[in-house]
Structure formats: C-alpha cells, structure tokens
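Below you'll find the structure, written out as structure tokens, and then a few comments.
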Amino acid sequence: MKQVRADEQSVVFQLSSSERDALIQILQTYPAMPAGPYGGSKERNNPQAAEYQRLLDEALAEKRAAHKRHLDAWLAAPDRFHKTKAGCRLTLERADSEWLLQVLNDIRVGHWLELGSPEVGELKPARLAEKAITTWLAMEMSGFFQMSILEAFDC
Amino acid sequence: MANVAEPLVLPDLEKETRTKDELEPGYLVVCWNDPVNLMQYVTHVFQKVFGWNRQKAEHHMMQVHEQGKSVLTRESLEKAEFYVHQLQKYTLHATMERDA
C-alpha cells in the first residue's frame with residue numbers, strides 16, 4: 001500500500017490485488033472487540049461508576065453499529081477500488097480516515113484479545129494453530145494499514 | 001387592558017442532579033499501557049481528543065509506554081466521563097479516577 005498523491009482533502013493509495021483482498025477481508029471482521037469497553041473501569045464496585053460504565057458500554061455498542069453500517073456502505077461503493085495495471089487505487093477522503101482508523105484499531109485490539117493478550121515478541125507464528133495464524137495475520141495487517149493511513153495524512 | 005399584577009408562574013426547572021463535588025475538577029483521566037496499540041496511533045488519538053500539539057501528545061504517549069500509565073487531564077466528573085468515552089471509542093485503555 002503506497003501513497004500515490006495527496007492533497008488537503010484526500011490521499012490516493014496504490015494497492016496490489018493481494019493487499020486489496022487482505023484489506024477487504026480484514027474489514028469484514030469488524031467489529032472484533034467484545035461488547036463493552038476495552039480495559040473497563042477501575043471502580044466496578046462503586047455503583048455510580050458502574051452505572052456510568054453501563055451507559056458508556058451502550059454508547060460504544062451504538063457507535064460500533066454505526067461504524068459497521070458506514071463500513072458496509074463504504075465497501076459497497078462502486079469503484080471503491082479502481083482497477084489499474086498494477087492492482088488498484090483507493091482514494092481515501094480525509095473525513096473517512098478517522099473512522100477507518102477506529103475500525104482498524106478495533107480489529108487489531110480485538111484480534112489481540114482473541115489471541116490471549118500476548119506481550120510483544122511473545123507470539124511465535126510458527127507455533128500457532130491455523131485459526132490463530134489467521135487471527136495473528138489480521139492483527140498485524142490491520143496495524144500495517146493503520147500505519148499507512150497515519151503516515152499518509154501525517155496525523 | 002387592565003394593569004393587574006398576576007402571580008408570576010415559573011416553569012419547572014430540572015433539578016440539578018450533579019453535586020458541587022462532581023462539578024469540581026477532581027477526576028483524573030488515565031490512559032494505561034498495553035502491547036497492542038501503536039505508538040503513532042496513540043499520539044494521534046491524544047491530538048484528536050484533547051487538541052494537543054504533537055509534542056505534548058508524544059510526551060504523554062511516552063509516559064504511557066515507559067511508566068505504564070499517564071494522567072492525561074484533571075477535570076470535573078462530566079468532562080472526565082466525556083474524555084474517557086472519547087478515548088475508549090478509539091480502543092485505548094482509559095479510565096477515570098477520583099483524585100485522592
């Protein structure tokens with residue numbers, strides 16, 4: 001995924017066919033996070049904090065549902081991935097970069113949790129079961145796409 | 001038209017549900033370290049949520065990375081709740097604590 005050009009409003013990326021397929025496949029796993037917030041409150045025994053956290057959980061669930069609808073529409077847009085000789089081109093509007101970063105991070109953290117929240121470097125892909133390799137790849141690839149977007153917009 | 005004084009009827013005002021204590025900036029917004037969130041992403045989120053410049057955002061990101069957590073701001077209950085919600089929307093591990 002390489003940046004071809006950028007202006008105030010958007011960035012154009014060149015993707016190989018396999019990168020496009022990987023991006024679509026990864027985005028289709030959204031939402032990957034379990035219900036509720038990541039980490040949770042430190043004050044679960046405090047009724048007021050617990051009530052606040054419950055409301056927060058609801059708000060996060062609504063946000064994820066809205067992101068999912070937006071994502072489905074975004075992926076279904078005609079010519080989203082414009083075919084070229086070398087693969088395809090993706091035009092990403094600056095306005096779309098923010099929710100897409102949130103979506104990709106949900107996927108990254110969600111798959112990391114699914115792997116058992118390992119420490120960096122602890123994971124040895126060669127020792128993972130087939131299902132876990134898919135999960136690990138989704139985690140790594142979502143990070144790759146996140147970095148490409150962050151660097152392109154110099155966020 | 002007769003100029004007769006009539007009793008003034010005030011609309012029902014919603015009772016203030018927040019106590020004075022909750023309106024004072026006695027709540028800390030804390031971000032915790034994890035091995036999964038990318039450093040550049042965390043910096044970006046701090047810039048977006050708090051409107052900080054990159055230098056300040058990177059300073060707090062490094063605190064999270066090296067010290068395990070960073071106190072990002074001290075606010076009223078309502079504002080602290082808002083910031084925690086924003087950070088959790090970005091899938092950062094953020095919590096709110098009463099300042100001792």
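Going by the structure tokens order, chains are called A, B, ..., each with residues numbered from 1, while ligands are numbered from 1 in the order shown.
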>> Taking only C-alpha atoms into account, find every residue of chain B that has an atom no more than 10 Å from chain A, and write it out as a PyMOL selection string.
In response: chain B and resi 32+34-38+40-41+43-45+47-48+54+81-82+84-98
>> With only C-alpha atoms as the counted atoms, please give the residues lying no more than 7 Å from B:Leu72, apart from itself and same-chain residues fewer than 4 positions off, as an MDAnalysis selection string.
In response: chainID B and resid 29:31
Name all residues at most 12 Å from A:Lys83 (count only C-alpha atoms; drop same-chain ones fewer than 2 positions away) and give them as a PDB file with C-alpha atoms, in the first residue's frame.
ATOM      1  CA  PHE A  13      -3.088   4.773  -2.436  1.00  0.00           C
ATOM      2  CA  GLN A  14      -1.816   2.152  -4.831  1.00  0.00           C
ATOM      3  CA  LEU A  15      -2.547  -1.380  -3.634  1.00  0.00           C
ATOM      4  CA  SER A  16      -1.630  -4.724  -5.072  1.00  0.00           C
ATOM      5  CA  SER A  17      -4.523  -7.142  -5.632  1.00  0.00           C
ATOM      6  CA  ARG A  20      -6.846  -5.080  -1.577  1.00  0.00           C
ATOM      7  CA  PRO A  78     -18.901   1.327  -6.894  1.00  0.00           C
ATOM      8  CA  ASP A  79     -15.302   1.685  -7.992  1.00  0.00           C
ATOM      9  CA  ARG A  80     -14.104   1.918  -4.374  1.00  0.00           C
ATOM     10  CA  PHE A  81     -11.016   0.053  -5.543  1.00  0.00           C
ATOM     11  CA  LYS A  85      -2.444  -2.476 -14.340  1.00  0.00           C
ATOM     12  CA  ALA A  86      -0.519  -2.906 -11.096  1.00  0.00           C
ATOM     13  CA  GLY A  87      -3.524  -3.699  -8.908  1.00  0.00           C
ATOM     14  CA  CYS A  88      -5.897  -0.938  -7.811  1.00  0.00           C
ATOM     15  CA  ARG A  89      -6.165   2.565  -6.477  1.00  0.00           C
ATOM     16  CA  LEU A  90      -8.013   3.586  -3.346  1.00  0.00           C
ATOM     17  CA  THR A  91      -8.971   7.194  -2.751  1.00  0.00           C
TER      18      THR A  91
END
> Can you list, as a PyMOL selection string, every protein, DNA or RNA residue that comes within 12 Å of B:His59 when you count only C-alpha atoms, leaving out same-chain residues fewer than 2 positions away?
Replying inline: chain B and resi 39-40+42-43+46-47+52-57+61-67+69-72
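What separates atom CA of A:Asp7 from atom CA of A:Ala138 is a distance of 29.4 Å.
With only C-alpha atoms as the atoms that count, the minimum distance from B:Phe50 to the choices B:Asp99, B:Glu24, B:Thr73, B:Asn33 is reached by B:Thr73.
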